[in-house]
Amino acid sequence: MKPQHKHTTAARFLGEHALPSEDEIDAMSPTELAKFLADNGVDVAKLNAENPKLESQLKGKMTLAWAKQARRKKAETPPPSAPPPSQDEMIAALVAKYGRIENIPLAARNFAKMTKDDWASLYADLILRGK
Amino acid sequence: MVVAKLTAYAIIVIKRRSGPTRNGRLIAKLDAKDLVVHALSRLTELPSLEDGEAVYFQLRRHIDNRVRTIQKQKTEPTLLPLATEVGEEGIEVAIEPADENAENPADAAEQSAEDDFYRDALNETKKKFKPGGAEAKLTDLIIDGWRDRQDISELMNITPHHYDVLIKRVGRAAQAVKEELLRRKTP
């Protein structure tokens with residue numbers, strides 16, 4: 001605290017104790033709230049008359065914001081990926097591309113011992129990535 | 001009920017942030033209901049909305065942000081003296097600018113005027129109570145920088161509960177004097 005501003009900080013500290021806190025406002029009954037507003041120069045009757053309009057505006061804004069949020073979430077979600085092909089489908093795709101299994105690149109010809117994962121790797125390299 | 005609570009919240013934000021400075025006087029003239037309507041207009045820009053309570057807190061933040069922006073806006077731009085001098089070979093070179101983080105004299109003058117305003121307000125507040133009474137003593141202790149409830153209670157030889165009653169009474173009087181002075185001194 002700068003000593004030359006001690007009155008400013010003191011007045012602000014006192015001001016904090018003069019006003020209701022956010023929680024105190026939330027805990028006010030409708031009668032207490034109306035009294036607080038009236039004491040502070042708010043035309044409560046006018047505010048009550050305008051309340052339905054403002055609250056309906058609030059509901060409208062919330063509906064709009066929710067719709068926007070739902071749209072944004074939908075746009076951010078990636079499209080569902082297709083189920084992985086079965087081993088037979090992978091072999092069929094390879095045969096369709098290379099004619100016969102023997103035409104598959106040499107490194108991949110040991111297919112008699114190939115597991116499903118090996119086929120999936122071969123399928124990914126030769127069909128999906130088009131090597 | 002929501003609009004009424006938000007209006008009450010806007011009132012306390014205006015009262016807290018109003019003051020004798022140029023921006024503080026602008027805040028004092030704000031209308032609480034206009035702040036609520038403005039906060040509603042900002043609602044569509046929310047990144048996410050989870051439930052009614054979150055919306056209520058978001059609206060309160062919009063109200064506070066709006067007033068804080070006015071309070072913090074620069075009234076006078078910070079001017080840096082820039083000049084050139086002739087160097088060794090007759091070439092004009094720029095002189096090092098002054099420290100741009102140095103306190104702006106205009107801001108310092110405004111803070112000093114603000115403190116004078118609050119000194120007068122606190123003197124007026126003390127006059128509302130018995131001279132030399134507990135309220136005046138409490139005001140002096142707070143001006144001297146005391147803030148802790150327990151410390152002040154011990155220094156004044158009162159119970160913490162008595163302190164709570166006193167601080168509320170003195171706080172309300174100080175707030176009322178501040179508002180009265182602002183009304184009187186606002187052109």
# chains A, B, ... in the order shown; residues from 1 in each chain; ligands from 1
$ interface_residues --of "chain A" --to "chain B" --cutoff "8 Å" --atoms "only C-alpha atoms" --output "count of residues only"
37
$ select_by_dssp --residues "chain A" --states "helix (DSSP H, G or I)" --output "ChimeraX atom specification"
/A:3-18,22-26,30-39,44-76,87-98,101-103,106-108,111-113,116-128
$ closest_residue --among "A:Ala93, A:Pro85, A:Thr31, A:Arg129" --to "Asp117 in chain A" --atoms "only C-alpha atoms"
A:Pro85
